[in-house]
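Q: Got a structure for you, upload.txt, holding compact mmCIF, C-alpha atoms.
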# COMPACT_ATOMS: atom_id res chain seq x y z
CA MET A 12 118.87 61.18 106.34
CA LYS A 13 115.54 62.29 107.79
CA GLU A 14 116.69 63.14 111.28
CA VAL A 15 119.87 63.63 113.27
CA LEU A 16 120.53 63.47 116.99
CA ILE A 17 122.72 66.11 118.61
CA ALA A 18 124.41 64.42 121.56
CA THR A 19 123.85 67.28 123.98
CA ASN A 20 121.40 68.71 126.50
CA ASN A 21 122.48 72.25 125.64
CA LYS A 22 119.50 74.00 124.02
CA GLY A 23 121.72 76.68 122.50
CA LYS A 24 123.76 74.11 120.58
CA VAL A 25 120.57 72.40 119.39
CA LYS A 26 119.20 75.66 117.98
CA ASP A 27 122.41 76.25 116.03
CA PHE A 28 122.09 72.85 114.37
CA GLU A 29 118.36 73.31 113.68
CA VAL A 30 119.23 76.37 111.57
CA LEU A 31 121.79 74.33 109.62
CA PHE A 32 119.59 71.31 108.93
CA LYS A 33 116.23 72.98 108.29
CA PRO A 34 116.94 73.81 104.61
CA HIS A 35 117.68 70.10 104.05
CA GLY A 36 114.37 68.98 105.57
CA ILE A 37 116.12 67.16 108.40
CA THR A 38 114.63 67.00 111.90
CA VAL A 39 116.99 67.69 114.80
CA ARG A 40 116.65 65.91 118.14
CA SER A 41 118.71 66.12 121.32
CA LEU A 42 119.37 63.87 124.29
CA GLN A 43 116.44 65.54 126.04
CA ASP A 44 114.08 63.98 123.48
CA LEU A 45 115.05 60.41 124.36
CA ASP A 46 112.88 58.16 126.53
CA GLU A 47 115.94 56.64 128.18
CA PRO A 48 119.05 58.67 129.07
CA ILE A 49 122.30 57.76 127.36
CA GLU A 50 125.58 58.16 129.21
CA VAL A 51 128.81 57.66 127.28
CA GLU A 52 131.93 57.64 129.42
CA GLU A 53 134.45 60.10 128.02
CA THR A 54 137.65 58.09 128.36
CA GLY A 55 139.57 59.84 125.58
CA THR A 56 142.65 61.95 126.20
CA THR A 57 141.91 64.44 123.39
CA PHE A 58 138.87 66.41 122.28
CA GLU A 59 138.77 64.43 119.03
CA GLU A 60 138.81 61.06 120.81
CA ASN A 61 135.94 62.07 123.10
CA ALA A 62 133.85 63.57 120.29
CA ILE A 63 134.24 60.42 118.18
CA LEU A 64 133.52 58.18 121.16
CA LYS A 65 130.27 59.99 121.99
CA ALA A 66 129.09 60.10 118.37
CA GLU A 67 129.87 56.48 117.52
CA GLU A 68 128.55 54.93 120.73
CA THR A 69 125.30 56.88 120.58
CA ALA A 70 124.84 56.17 116.84
CA LYS A 71 125.35 52.46 117.47
CA LEU A 72 122.78 52.42 120.28
CA LEU A 73 120.11 54.33 118.35
CA ASN A 74 120.95 53.35 114.75
CA THR A 75 120.73 56.97 113.61
CA TRP A 76 122.96 59.86 112.61
CA VAL A 77 124.58 61.52 115.62
CA ILE A 78 126.62 64.68 116.01
CA SER A 79 128.65 65.28 119.15
CA ASP A 80 131.18 67.86 120.15
CA ASP A 81 133.93 68.01 122.69
CA SER A 82 135.52 71.29 123.55
CA GLY A 83 137.51 73.06 126.19
CA LEU A 84 140.20 75.51 127.20
CA GLU A 85 143.97 75.07 127.00
CA ILE A 86 146.16 77.46 129.02
CA ASP A 87 149.83 77.45 128.03
CA ALA A 88 151.15 78.53 131.44
CA LEU A 89 149.30 75.58 133.02
CA ASN A 90 150.74 73.04 130.56
CA GLY A 91 147.50 72.88 128.61
CA GLU A 92 145.14 72.60 131.58
CA PRO A 93 142.23 72.24 131.96
CA GLY A 94 142.01 70.67 128.48
CA VAL A 95 139.59 67.74 128.19
CA TYR A 96 138.72 68.26 131.87
CA SER A 97 137.48 71.82 131.31
CA ALA A 98 133.86 71.17 132.29
CA ARG A 99 134.77 69.67 135.66
CA TYR A 100 138.13 71.34 136.36
CA ALA A 101 137.12 72.16 139.93
CA GLY A 102 135.52 68.74 140.48
CA GLU A 103 131.96 67.47 140.72
CA PRO A 104 129.33 68.72 140.30
CA LYS A 105 130.07 70.78 137.20
CA ASP A 106 130.33 74.46 138.19
CA ASP A 107 131.39 77.20 135.76
CA GLN A 108 132.22 79.74 138.45
CA ALA A 109 134.27 77.29 140.48
CA ASN A 110 136.18 76.32 137.32
CA ILE A 111 136.98 79.98 136.61
CA ASP A 112 138.10 80.54 140.19
CA LYS A 113 140.46 77.57 140.01
CA ALA A 114 141.97 78.74 136.73
CA LEU A 115 142.54 82.26 138.08
CA THR A 116 144.03 80.90 141.30
CA ASN A 117 146.42 78.65 139.39
CA LEU A 118 147.50 81.62 137.27
CA GLU A 119 148.30 83.89 140.21
CA GLY A 120 151.68 85.51 139.62
CA VAL A 121 151.62 84.84 135.88
CA PRO A 122 152.09 88.19 134.06
CA GLU A 123 149.85 89.51 131.32
CA GLY A 124 152.26 88.59 128.53
CA SER A 125 152.36 84.93 129.58
CA ARG A 126 148.65 84.14 129.82
CA GLN A 127 148.11 82.81 126.28
CA ALA A 128 145.34 80.25 125.84
CA ARG A 129 142.98 78.82 123.28
CA PHE A 130 139.54 77.31 123.06
CA ARG A 131 139.33 74.12 121.00
CA CYS A 132 136.28 72.33 119.59
CA VAL A 133 135.91 69.09 117.66
CA LEU A 134 132.61 68.06 116.06
CA ALA A 135 132.15 64.41 115.15
CA ILE A 136 129.36 62.97 113.01
CA ALA A 137 128.68 59.23 112.90
CA GLY A 138 125.86 57.10 111.55
CA PRO A 139 124.78 53.80 109.99
CA GLY A 140 127.03 52.77 107.11
CA MET A 141 129.18 55.89 107.18
CA GLU A 142 132.76 56.63 108.11
CA THR A 143 132.93 58.97 111.10
CA GLN A 144 134.06 62.47 110.19
CA THR A 145 135.41 65.26 112.39
CA PHE A 146 135.56 69.04 112.05
CA SER A 147 137.76 71.13 114.33
CA GLY A 148 138.05 74.77 115.28
CA SER A 149 140.12 76.88 117.64
CA CYS A 150 140.25 80.43 118.97
CA GLU A 151 143.44 82.03 120.30
CA GLY A 152 143.32 84.46 123.21
CA ASN A 153 144.55 85.40 126.67
CA ILE A 154 143.27 84.76 130.18
CA LEU A 155 142.21 87.92 131.99
CA PHE A 156 142.91 88.63 135.67
CA GLU A 157 139.18 88.94 136.41
CA ARG A 158 135.81 88.32 134.82
CA ARG A 159 134.53 90.69 132.13
CA GLY A 160 130.98 90.44 130.79
CA LYS A 161 128.06 88.24 131.73
CA GLY A 162 127.35 86.60 128.38
CA GLY A 163 128.20 83.13 127.16
CA PHE A 164 129.04 80.30 129.52
CA GLY A 165 131.99 78.37 130.90
CA TYR A 166 135.25 80.31 130.80
CA ASP A 167 133.94 83.01 128.44
CA PRO A 168 134.18 85.91 130.97
CA ILE A 169 137.95 85.43 131.44
CA PHE A 170 138.86 84.60 127.83
CA TYR A 171 140.00 87.74 125.99
CA VAL A 172 140.05 87.73 122.18
CA PRO A 173 142.57 90.33 120.90
CA GLN A 174 140.96 90.51 117.44
CA ALA A 175 137.64 91.50 118.96
CA ARG A 176 139.16 93.58 121.78
CA LYS A 177 136.77 92.06 124.28
CA SER A 178 136.20 88.91 126.28
CA MET A 179 133.85 86.24 125.00
CA GLY A 180 131.65 87.12 127.96
CA GLU A 181 131.24 90.60 126.48
CA MET A 182 130.27 89.38 123.01
CA THR A 183 126.83 89.09 121.50
CA PRO A 184 125.88 85.59 120.29
CA THR A 185 126.57 86.72 116.69
CA GLU A 186 130.02 88.04 117.59
CA LYS A 187 130.86 84.90 119.50
CA ALA A 188 129.87 82.72 116.53
CA GLU A 189 132.24 84.76 114.34
CA TYR A 190 135.27 84.34 116.59
CA SER A 191 134.68 81.16 118.57
CA HIS A 192 136.18 77.71 118.22
CA ARG A 193 132.73 76.17 117.85
CA GLY A 194 131.79 78.72 115.19
CA GLU A 195 134.83 77.75 113.12
CA ALA A 196 134.09 74.02 113.47
CA MET A 197 130.45 74.62 112.55
CA ARG A 198 131.40 76.52 109.39
CA LYS A 199 133.65 73.64 108.27
CA PHE A 200 130.83 71.19 108.97
CA GLU A 201 128.29 73.35 107.14
CA ALA A 202 130.50 73.42 104.04
CA GLU A 203 130.41 69.60 103.92
CA LEU A 204 126.75 69.19 104.87
CA PRO A 205 125.26 69.00 101.33
CA LYS A 206 127.74 66.25 100.47
CA LEU A 207 126.96 64.35 103.68
CA VAL A 208 123.21 64.54 103.07
CA SER A 209 123.62 63.39 99.45
CA GLU A 210 125.77 60.41 100.45
CA ALA A 211 123.29 59.44 103.16
CA GLY A 212 120.48 59.46 100.60
CA GLU A 213 122.45 57.19 98.27
CA ARG A 214 122.89 54.61 101.03
CA GLN A 215 119.19 54.46 101.88
Could you write out this structure as C-alpha cells?
A:
Amino acid sequence: MKEVLIATNNKGKVKDFEVLFKPHGITVRSLQDLDEPIEVEETGTTFEENAILKAEETAKLLNTWVISDDSGLEIDALNGEPGVYSARYAGEPKDDQANIDKALTNLEGVPEGSRQARFRCVLAIAGPGMETQTFSGSCEGNILFERRGKGGFGYDPIFYVPQARKSMGEMTPTEKAEYSHRGEAMRKFEAELPKLVSEAGERQ
C-alpha cells in the first residue's frame, strides 16, 4: 500500500489520516485531488451500510485503497432522528445552522432529563483483493436548549458531553478527539493499521 484515498472533501479529516499514515510511508489523497468528481449515492439505512458503500464503490472505480466514514446524530426523543440524514436534516442544500434549528424546534417541550442523544461514526476501508473492514465509535450526550461554543461543526454546539462538562462546540480539537465518536473509531482503526499495511504488502 503506497497510497490511500480518503473519500471526503473535509480537510480536517484528511489531516487526521495524514498523521496516522505518515509513519508507514503512505501518501494520503482526498476527493479534492481527483481529476473527475466521484459521487456515490448513499442508499443505505445505517451508517455502516453507507460507509461500506462509499468505500467499496470508490475503491472499485479507482483500484486503490479507500477509507470512508459515515456519521451522524441520534436523538432518542425523536426516535433516532436525524440519524443517517444528519447532514441534510433541514433539506438541501446542506446547512449546519438550519439542521440545528430543526432539531431544537422538534425538541421543544422535551425536558432536560429526556434529551439523551449520541453521535455515531463508522469508518470503512476497502481495496483491491481485501475484505472490507469497519471500525465504529459512539459518544453519549444530551441535546442542549441552545448553542454553546463556536468550535467544531455540525451539531457540536448543541451536543453536551457530561464527562467533559461542556458541549462539543466548546471543546478544543484535542478534547474533541478524546471524547468524540470519530476519535473512538479512529483509535480502533489505528490499532489495526500495522496489520492492514502488512497484509497489503503481502498481496502486492
Q: What's the separation between atom CA of Arg158 of chain A and atom CA of Lys177 of chain A, in Å to one decimal place?
A: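 Interatomic distance, atom CA of Arg158 of chain A to atom CA of Lys177 of chain A: 11.2 Å.
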Q: A:Met141, A:Gly148, A:Phe58, A:Ser125: which is nearest Val208 of chain A, counting all atoms listed in the file?
A: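 Nearest to Val208 of chain A: A:Met141.
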Q: At a cut-off of 12 Å from (132.6, 87.4, 115.3) in the coordinates of the file, what residues are picked up using only C-alpha atoms, written as a list in words?
A: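 Those residues lying close to the given coordinates are Cys150, Val172, Pro173, Gln174, Ala175, Arg176, Lys177, Ser178, Met179, Glu181, Met182, Thr183, Pro184, Thr185, Glu186, Lys187, Ala188, Glu189, Tyr190, Ser191, His192, Arg193, Gly194 and Glu195 of chain A.
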Q: For those residues, write C-alpha atoms to a file as a PDB file, keeping the file's coordinate frame.
A:
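Output file part.pdb is given in full below:
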ATOM      1  CA  CYS A 150     140.250  80.430 118.970  1.00  0.00           C
ATOM      2  CA  VAL A 172     140.050  87.730 122.180  1.00  0.00           C
ATOM      3  CA  PRO A 173     142.570  90.330 120.900  1.00  0.00           C
ATOM      4  CA  GLN A 174     140.960  90.510 117.440  1.00  0.00           C
ATOM      5  CA  ALA A 175     137.640  91.500 118.960  1.00  0.00           C
ATOM      6  CA  ARG A 176     139.160  93.580 121.780  1.00  0.00           C
ATOM      7  CA  LYS A 177     136.770  92.060 124.280  1.00  0.00           C
ATOM      8  CA  SER A 178     136.200  88.910 126.280  1.00  0.00           C
ATOM      9  CA  MET A 179     133.850  86.240 125.000  1.00  0.00           C
ATOM     10  CA  GLU A 181     131.240  90.600 126.480  1.00  0.00           C
ATOM     11  CA  MET A 182     130.270  89.380 123.010  1.00  0.00           C
ATOM     12  CA  THR A 183     126.830  89.090 121.500  1.00  0.00           C
ATOM     13  CA  PRO A 184     125.880  85.590 120.290  1.00  0.00           C
ATOM     14  CA  THR A 185     126.570  86.720 116.690  1.00  0.00           C
ATOM     15  CA  GLU A 186     130.020  88.040 117.590  1.00  0.00           C
ATOM     16  CA  LYS A 187     130.860  84.900 119.500  1.00  0.00           C
ATOM     17  CA  ALA A 188     129.870  82.720 116.530  1.00  0.00           C
ATOM     18  CA  GLU A 189     132.240  84.760 114.340  1.00  0.00           C
ATOM     19  CA  TYR A 190     135.270  84.340 116.590  1.00  0.00           C
ATOM     20  CA  SER A 191     134.680  81.160 118.570  1.00  0.00           C
ATOM     21  CA  HIS A 192     136.180  77.710 118.220  1.00  0.00           C
ATOM     22  CA  ARG A 193     132.730  76.170 117.850  1.00  0.00           C
ATOM     23  CA  GLY A 194     131.790  78.720 115.190  1.00  0.00           C
ATOM     24  CA  GLU A 195     134.830  77.750 113.120  1.00  0.00           C
TER      25      GLU A 195
END
Q: Provide the atom CA of Thr57 of chain A to atom CA of Glu151 of chain A distance in Å, to one decimal place.
A: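 We find that atom CA of Thr57 of chain A and atom CA of Glu151 of chain A lie 17.9 Å from each other.
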Q: List every protein, DNA or RNA residue that has at least one atom no more than 9 Å from (135.7, 81.1, 134.6) in the file's coordinates, counting only C-alpha atoms, and write the result as a PyMOL selection string.
A: chain A and resi 107-115+157-158+164-170
Q: Measuring between all atoms listed in the file, which one of A:Ala196, A:Leu204, A:Ala128, A:Val51 shows the shortest distance to Lys33 of chain A?
A: A:Leu204
Q: What gap, in Å, lies between atom CA of Thr145 of chain A and atom CA of Ile17 of chain A?
A: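 Pair atom CA of Thr145 of chain A / atom CA of Ile17 of chain A returns 14.2 Å.
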Q: From the set A:Pro48, A:Pro104, A:Pro139, A:Pro122, which residue has the shortest atom-to-atom contact distance to Ala70 of chain A, counting all atoms listed in the file?
A: A:Pro139
Q: Using only C-alpha atoms, which protein or nucleic acid residues come within 6 Å of segment 59-63 of chain A? Drop anything in the same chain fewer than 2 positions from it, and give the result as an MDAnalysis selection string.
A: chainID A and resid 53 55 57 65:67 79:81 133 135
Q: Rank nothing, just name the residue among A:Tyr171, A:Trp76, A:Phe130, A:Phe28 nearest to Ser97 of chain A, using all atoms listed in the file.
A: A:Phe130
Q: With all atoms listed in the file as the atoms that count, which of A:Ala137, A:Val95, A:Ala88, A:Leu118 lies nearest to Leu73 of chain A?
A: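 Looking at the shortest contact to Leu73 of chain A, the residue is A:Ala137.
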Q: Quick one: axis-aligned box around all listed atoms of segment 21-31 of chain A, 4 Å on every side, centre and edge lengths in Å to one decimal, written as JSON.
A:
{"center_x": 121.1, "center_y": 74.5, "center_z": 117.6, "size_x": 13.4, "size_y": 12.4, "size_z": 24.0}
Q: Hey, what's within 7 Å of Arg129 of chain A if we count all atoms listed in the file and toss same-chain stuff fewer than 5 positions away? As a PyMOL selection string, please?
A: chain A and resi 84-86+149-152
Q: Go ahead and save the picked residues with C-alpha atoms, as a short mmCIF file (atom, residue, chain, number, x, y, z; two decimals), keeping the file's coordinate frame.
A:
data_model
loop_
_atom_site.label_atom_id
_atom_site.label_comp_id
_atom_site.auth_asym_id
_atom_site.auth_seq_id
_atom_site.Cartn_x
_atom_site.Cartn_y
_atom_site.Cartn_z
CA LEU A 84 140.20 75.51 127.20
CA GLU A 85 143.97 75.07 127.00
CA ILE A 86 146.16 77.46 129.02
CA SER A 149 140.12 76.88 117.64
CA CYS A 150 140.25 80.43 118.97
CA GLU A 151 143.44 82.03 120.30
CA GLY A 152 143.32 84.46 123.21
#
Q: Just the residues within 6 Å of Ser41 of chain A, please, counting all atoms listed in the file, with nothing from its chain fewer than 4 positions along; format it as JSON, numbers by chain.
A: {"A": [16, 17, 18, 19]}
Q: Can you put N, CA and C atoms back into segment 177-188 of chain A and show it as an mmCIF file, keeping the file's coordinate frame?
A:
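Output (selection.cif):
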data_model
loop_
_atom_site.group_PDB
_atom_site.id
_atom_site.type_symbol
_atom_site.label_atom_id
_atom_site.label_comp_id
_atom_site.auth_asym_id
_atom_site.auth_seq_id
_atom_site.Cartn_x
_atom_site.Cartn_y
_atom_site.Cartn_z
ATOM 1 N N LYS A 177 137.703 92.293 123.168
ATOM 2 C CA LYS A 177 136.770 92.060 124.280
ATOM 3 C C LYS A 177 136.821 90.596 124.676
ATOM 4 N N SER A 178 136.280 90.309 125.851
ATOM 5 C CA SER A 178 136.200 88.910 126.280
ATOM 6 C C SER A 178 135.018 88.251 125.594
ATOM 7 N N MET A 179 135.005 86.925 125.575
ATOM 8 C CA MET A 179 133.850 86.240 125.000
ATOM 9 C C MET A 179 132.597 86.503 125.830
ATOM 10 N N GLY A 180 132.786 86.794 127.102
ATOM 11 C CA GLY A 180 131.650 87.120 127.960
ATOM 12 C C GLY A 180 131.029 88.458 127.626
ATOM 13 N N GLU A 181 131.761 89.295 126.882
ATOM 14 C CA GLU A 181 131.240 90.600 126.480
ATOM 15 C C GLU A 181 130.641 90.588 125.078
ATOM 16 N N MET A 182 130.743 89.460 124.388
ATOM 17 C CA MET A 182 130.270 89.380 123.010
ATOM 18 C C MET A 182 128.787 89.061 122.920
ATOM 19 N N THR A 183 128.182 89.521 121.826
ATOM 20 C CA THR A 183 126.830 89.090 121.500
ATOM 21 C C THR A 183 126.928 87.675 120.925
ATOM 22 N N PRO A 184 125.831 86.926 120.876
ATOM 23 C CA PRO A 184 125.880 85.590 120.290
ATOM 24 C C PRO A 184 126.425 85.594 118.855
ATOM 25 N N THR A 185 126.086 86.624 118.072
ATOM 26 C CA THR A 185 126.570 86.720 116.690
ATOM 27 C C THR A 185 128.068 86.927 116.650
ATOM 28 N N GLU A 186 128.570 87.806 117.530
ATOM 29 C CA GLU A 186 130.020 88.040 117.590
ATOM 30 C C GLU A 186 130.752 86.779 118.020
ATOM 31 N N LYS A 187 130.207 86.111 119.011
ATOM 32 C CA LYS A 187 130.860 84.900 119.500
ATOM 33 C C LYS A 187 130.934 83.840 118.399
ATOM 34 N N ALA A 188 129.875 83.698 117.618
ATOM 35 C CA ALA A 188 129.870 82.720 116.530
ATOM 36 C C ALA A 188 130.947 83.045 115.500
#
